Amino acid sequence: MKVLGLVLAGGRGANLRPFTDIRASAALPIFGKYRAIDFTLSNMVNAGISKVGIITQYSPRSLMDHIGSGKEWDLDRKQGGLFFLQPFFRLSSETIGYKGTADAIFQNMTILKRGNEDFVLIGSGDHIYKMDFQRLFRAHINNGADITVLTIPFSKSSKEVISCNAGRVTGWYKDTKSFDINEEELRESAGVYFINKFLLRELLFSCVPEGKDNLVEVISANLSSLKVMEYRFEGFWRNLTADVAIYFKTNLDILNHKIREELFYKHGKIYTKLKDLPPPKVTTTGRVTNALVSDGSIISGSVINSVVFKNVRILAGAVIENSIIMEDCVIEEGARLENVIMDKNSRIRSGRKLSGSPENPAVVEKSGVI
């Protein structure tokens, strides 16, 4: 089975400011040495997909620098490989940029017309999960489906609610207030779609010129005429773009050994861009308790229930608890942090104290000094 992978990585991530003021949401640092896009991209590569298009838009520099030629994912190849699909200006364009997810693919129709792939797998670059896409492919064929949608358990906060009957998608809703359906029939879309390439082209040509700019609109408008099936995913799944609190909690979830085992030891590896750094070092004055400490970091203070990214310096007497410390940060002597997210290249001066809460973590912006 020949499959084209498309990663939607052009989201603005407005709910994650100030972190997304300088980077795309798909480029958000996660788990010490990874970026959010690593998970969807690695899932595709592990499923045997060798041609991937990454659709970018807002602040793509950090994302493009991280992915580069795709070497770490074995996508630097003559046949297939990696493609960055950025918006561009035409004489007929009203604006520069994409109006939605369907419009983004429609404007890059060339990648669907070239190549010999039969199917397209579409996923989001800012979702954190680990799965074997080969199982989804087989279910799609066995069900005789036109479109297969990955779904996760329904919750009251779900934004894209799907009603299902015997595995078939019968309705697609933006919220749970406008209808009354048994919750046992409801699921939430995980933002992953598997579809025949030629069918996708026909749907885009028929829907996007009529103003249906998002994939949800395109699919929901054709539920009666197409066989749209669900594939249930019950594992760990997070949408980082929800808000800063979810981003904070997701990073700390890696300290749970069951989640860590699911994300990194099942269904293949998670690939990322590596730096040539020495192993982390804990000095004689340093203490680390239930924490993840990445390469190049030197710990001379106390780190408790926290995630420390690469090349961080935590000096003697400093106490870091329930916090996320990103790359190249420095915490000076005697400083105390609790429920804090520090963006890259930030510094906390000696003796300073900063605290937030799990629901509202304190934030230090990139290159900030406190």
# chains A, B, ... in the order shown; residues from 1 in each chain; ligands from 1

call {"tool": "select_by_dssp", "arguments": {"residues": "segment 11-208 of chain A", "states": "helix (DSSP H, G or I)", "output": "number ranges by chain"}}
result
A: 14-16, 19-21, 25-27, 37-46, 61-67, 71-73, 101-107, 110-113, 133-143, 183-185, 197-208

call {"tool": "residues_around", "arguments": {"residues": "segment 16-23 of chain A", "least_positions_apart": "4", "cutoff": "12 Å", "atoms": "only C-alpha atoms", "output": "count of residues only"}}
result
43

call {"tool": "closest_residue", "arguments": {"among": "A:Phe106, A:Phe309, A:Tyr231, A:Phe83", "to": "Tyr193 of chain A", "atoms": "only C-alpha atoms"}}
result
A:Tyr231

call {"tool": "residues_around", "arguments": {"residues": "Leu255 of chain A", "least_positions_apart": "2", "cutoff": "7 Å", "atoms": "only C-alpha atoms", "output": "compact mmCIF listing (two decimals) with C-alpha atoms, in the first residue's frame"}}
result
# COMPACT_ATOMS: atom_id res chain seq x y z
CA LEU A 252 4.95 16.51 33.16
CA ASP A 253 3.02 13.41 32.06
CA HIS A 257 6.36 5.43 33.62
CA ASN A 290 11.41 11.95 39.81
CA ALA A 291 12.63 14.22 37.04

call {"tool": "residues_around", "arguments": {"residues": "Ile128 of chain A", "least_positions_apart": "2", "cutoff": "10 Å", "atoms": "only C-alpha atoms", "output": "short mmCIF file (atom, residue, chain, number, x, y, z; two decimals) with C-alpha atoms, in the first residue's frame"}}
result
data_model
loop_
_atom_site.label_atom_id
_atom_site.label_comp_id
_atom_site.auth_asym_id
_atom_site.auth_seq_id
_atom_site.Cartn_x
_atom_site.Cartn_y
_atom_site.Cartn_z
CA ILE A 30 8.25 18.73 24.51
CA ARG A 35 9.28 18.88 19.26
CA ALA A 36 5.54 18.27 18.97
CA ILE A 37 5.72 17.35 15.28
CA ASP A 38 8.14 14.50 16.01
CA PHE A 39 5.28 12.25 17.12
CA THR A 40 3.01 12.48 14.08
CA SER A 124 -1.86 17.27 12.88
CA GLY A 125 1.64 18.33 13.88
CA ASP A 126 0.69 19.47 17.39
CA LYS A 130 1.85 6.97 19.57
CA PHE A 236 -2.49 8.55 25.44
CA TRP A 237 -3.47 11.53 23.24
CA ARG A 238 -3.05 15.25 23.86
CA ASN A 239 -3.82 18.32 21.79
CA LEU A 240 -1.16 20.84 22.81
CA THR A 250 1.51 17.07 28.99
CA LEU A 263 5.11 6.80 23.90
#

call {"tool": "closest_residue", "arguments": {"among": "A:Gly334, A:Gly171, A:Pro361, A:Gly5", "to": "Leu315 of chain A", "atoms": "only C-alpha atoms"}}
result
A:Gly334

call {"tool": "residues_around", "arguments": {"residues": "Ile141 of chain A", "least_positions_apart": "5", "cutoff": "12 Å", "atoms": "only C-alpha atoms", "output": "list of chain:residue names"}}
result
A:Met1, A:Phe119, A:Gln134, A:Arg135, A:Leu136, A:Asp146, A:Ile147, A:Thr148, A:Phe194, A:Ile195, A:Asn196, A:Lys227, A:Met229, A:Tyr231

call {"tool": "write_last_selection", "arguments": {"atoms": "N, CA and C atoms", "output": "PDB file, in the first residue's frame"}}
result
ATOM      1  N   MET A   1       0.843  -1.192   0.000  1.00  0.00           N
ATOM      2  CA  MET A   1       0.000   0.000   0.000  1.00  0.00           C
ATOM      3  C   MET A   1       0.883   1.249   0.000  1.00  0.00           C
ATOM      4  N   PHE A 119      -3.303   6.372  -1.459  1.00  0.00           N
ATOM      5  CA  PHE A 119      -4.022   6.869  -0.293  1.00  0.00           C
ATOM      6  C   PHE A 119      -3.274   8.050   0.319  1.00  0.00           C
ATOM      7  N   GLN A 134      -0.507   1.204  10.615  1.00  0.00           N
ATOM      8  CA  GLN A 134      -0.786   0.064   9.756  1.00  0.00           C
ATOM      9  C   GLN A 134      -2.114  -0.594  10.133  1.00  0.00           C
ATOM     10  N   ARG A 135      -2.454  -0.580  11.402  1.00  0.00           N
ATOM     11  CA  ARG A 135      -3.731  -1.142  11.846  1.00  0.00           C
ATOM     12  C   ARG A 135      -4.893  -0.322  11.303  1.00  0.00           C
ATOM     13  N   LEU A 136      -4.736   0.986  11.296  1.00  0.00           N
ATOM     14  CA  LEU A 136      -5.769   1.850  10.730  1.00  0.00           C
ATOM     15  C   LEU A 136      -5.935   1.579   9.237  1.00  0.00           C
ATOM     16  N   ASP A 146     -14.739   4.759   2.626  1.00  0.00           N
ATOM     17  CA  ASP A 146     -14.261   5.847   1.778  1.00  0.00           C
ATOM     18  C   ASP A 146     -13.292   6.732   2.558  1.00  0.00           C
ATOM     19  N   ILE A 147     -13.632   6.988   3.823  1.00  0.00           N
ATOM     20  CA  ILE A 147     -12.790   7.793   4.715  1.00  0.00           C
ATOM     21  C   ILE A 147     -12.792   7.113   6.081  1.00  0.00           C
ATOM     22  N   THR A 148     -11.622   7.032   6.707  1.00  0.00           N
ATOM     23  CA  THR A 148     -11.536   6.547   8.078  1.00  0.00           C
ATOM     24  C   THR A 148     -11.001   7.668   8.957  1.00  0.00           C
ATOM     25  N   PHE A 194      -7.805   9.152   6.938  1.00  0.00           N
ATOM     26  CA  PHE A 194      -7.220   8.270   5.915  1.00  0.00           C
ATOM     27  C   PHE A 194      -8.216   8.161   4.775  1.00  0.00           C
ATOM     28  N   ILE A 195      -7.754   8.474   3.538  1.00  0.00           N
ATOM     29  CA  ILE A 195      -8.685   8.606   2.421  1.00  0.00           C
ATOM     30  C   ILE A 195      -7.971   8.285   1.108  1.00  0.00           C
ATOM     31  N   ASN A 196      -8.723   7.762   0.153  1.00  0.00           N
ATOM     32  CA  ASN A 196      -8.191   7.552  -1.185  1.00  0.00           C
ATOM     33  C   ASN A 196      -7.781   8.891  -1.788  1.00  0.00           C
ATOM     34  N   LYS A 227     -19.067   6.467   2.785  1.00  0.00           N
ATOM     35  CA  LYS A 227     -18.956   5.585   3.939  1.00  0.00           C
ATOM     36  C   LYS A 227     -17.783   6.060   4.785  1.00  0.00           C
ATOM     37  N   MET A 229     -15.969   5.878   8.242  1.00  0.00           N
ATOM     38  CA  MET A 229     -15.851   4.988   9.391  1.00  0.00           C
ATOM     39  C   MET A 229     -14.919   5.585  10.431  1.00  0.00           C
ATOM     40  N   TYR A 231     -12.012   4.814  13.526  1.00  0.00           N
ATOM     41  CA  TYR A 231     -11.057   3.860  14.080  1.00  0.00           C
ATOM     42  C   TYR A 231     -10.745   4.344  15.485  1.00  0.00           C
TER      43      TYR A 231
END

call {"tool": "closest_residue", "arguments": {"among": "A:Gly286, A:Pro280, A:Gly317, A:Gly211", "to": "Ser350 of chain A", "atoms": "only C-alpha atoms"}}
result
A:Gly317

call {"tool": "closest_residue", "arguments": {"among": "A:Ile320, A:Leu203, A:Pro153, A:Val308", "to": "Ser225 of chain A", "atoms": "only C-alpha atoms"}}
result
A:Leu203

call {"tool": "closest_residue", "arguments": {"among": "A:Ile122, A:Ile304, A:Ile324, A:Leu186", "to": "Ala104 of chain A", "atoms": "only C-alpha atoms"}}
result
A:Ile122

call {"tool": "closest_atom_pairs", "arguments": {"of": "segment 200-233 of chain A", "to": "segment 96-101 of chain A", "cutoff": "6 Å", "atoms": "only C-alpha atoms", "output": "CSV"}}
result
residue,atom,partner,partner_atom,distance
A:Asp213,CA,A:Gly100,CA,4.9
A:Asn214,CA,A:Thr101,CA,4.7
A:Leu215,CA,A:Thr101,CA,5.8

call {"tool": "select_by_dssp", "arguments": {"residues": "segment 28-111 of chain A", "states": "strand (DSSP E)", "output": "PyMOL selection string"}}
result
chain A and resi 29-30+34-35+51-56+81-85

call {"tool": "write_last_selection", "arguments": {"atoms": "C-alpha atoms", "output": "CSV table (one decimal), in the first residue's frame"}}
result
chain,number,residue,atom,x,y,z
A,29,PRO,CA,9.4,21.8,22.7
A,30,ILE,CA,8.2,18.7,24.5
A,34,TYR,CA,11.6,16.6,21.2
A,35,ARG,CA,9.3,18.9,19.3
A,51,LYS,CA,6.8,10.7,1.2
A,52,VAL,CA,5.5,13.4,3.6
A,53,GLY,CA,4.3,16.9,2.9
A,54,ILE,CA,4.4,19.3,5.9
A,55,ILE,CA,2.0,22.2,5.5
A,56,THR,CA,3.3,25.3,7.2
A,81,GLY,CA,11.1,12.2,0.8
A,82,LEU,CA,10.1,15.4,2.6
A,83,PHE,CA,8.3,18.5,1.2
A,84,PHE,CA,7.6,21.8,2.9
A,85,LEU,CA,4.4,23.2,1.6

call {"tool": "closest_residue", "arguments": {"among": "A:Thr170, A:Asn116, A:Asn311, A:Ser302", "to": "Leu337 of chain A", "atoms": "only C-alpha atoms"}}
result
A:Ser302

call {"tool": "atom_distance", "arguments": {"atom1": "atom CA of Thr272 of chain A", "atom2": "atom CA of Cys329 of chain A"}}
result
20.7 Å

call {"tool": "residues_around", "arguments": {"residues": "Tyr271 of chain A", "least_positions_apart": "6", "cutoff": "7 Å", "atoms": "only C-alpha atoms", "output": "JSON list (two decimals) with N, CA and C atoms, in the first residue's frame"}}
result
[["chain", "number", "residue", "atom", "x", "y", "z"],
["A", 38, "ASP", "N", 7.39, 15.75, 16.06],
["A", 38, "ASP", "CA", 8.14, 14.50, 16.01],
["A", 38, "ASP", "C", 7.22, 13.28, 16.12],
["A", 42, "SER", "N", 6.98, 10.69, 13.17],
["A", 42, "SER", "CA", 7.54, 9.37, 13.46],
["A", 42, "SER", "C", 6.50, 8.27, 13.28],
["A", 72, "GLU", "N", 16.88, 12.68, 9.98],
["A", 72, "GLU", "CA", 16.65, 11.89, 11.20],
["A", 72, "GLU", "C", 15.46, 10.95, 11.05],
["A", 73, "TRP", "N", 14.54, 11.26, 10.13],
["A", 73, "TRP", "CA", 13.37, 10.42, 9.88],
["A", 73, "TRP", "C", 13.54, 9.56, 8.62]]

call {"tool": "residues_around", "arguments": {"residues": "His267 of chain A", "least_positions_apart": "2", "cutoff": "8 Å", "atoms": "only C-alpha atoms", "output": "MDAnalysis selection string"}}
result
chainID A and resid 46 130:132 265 269
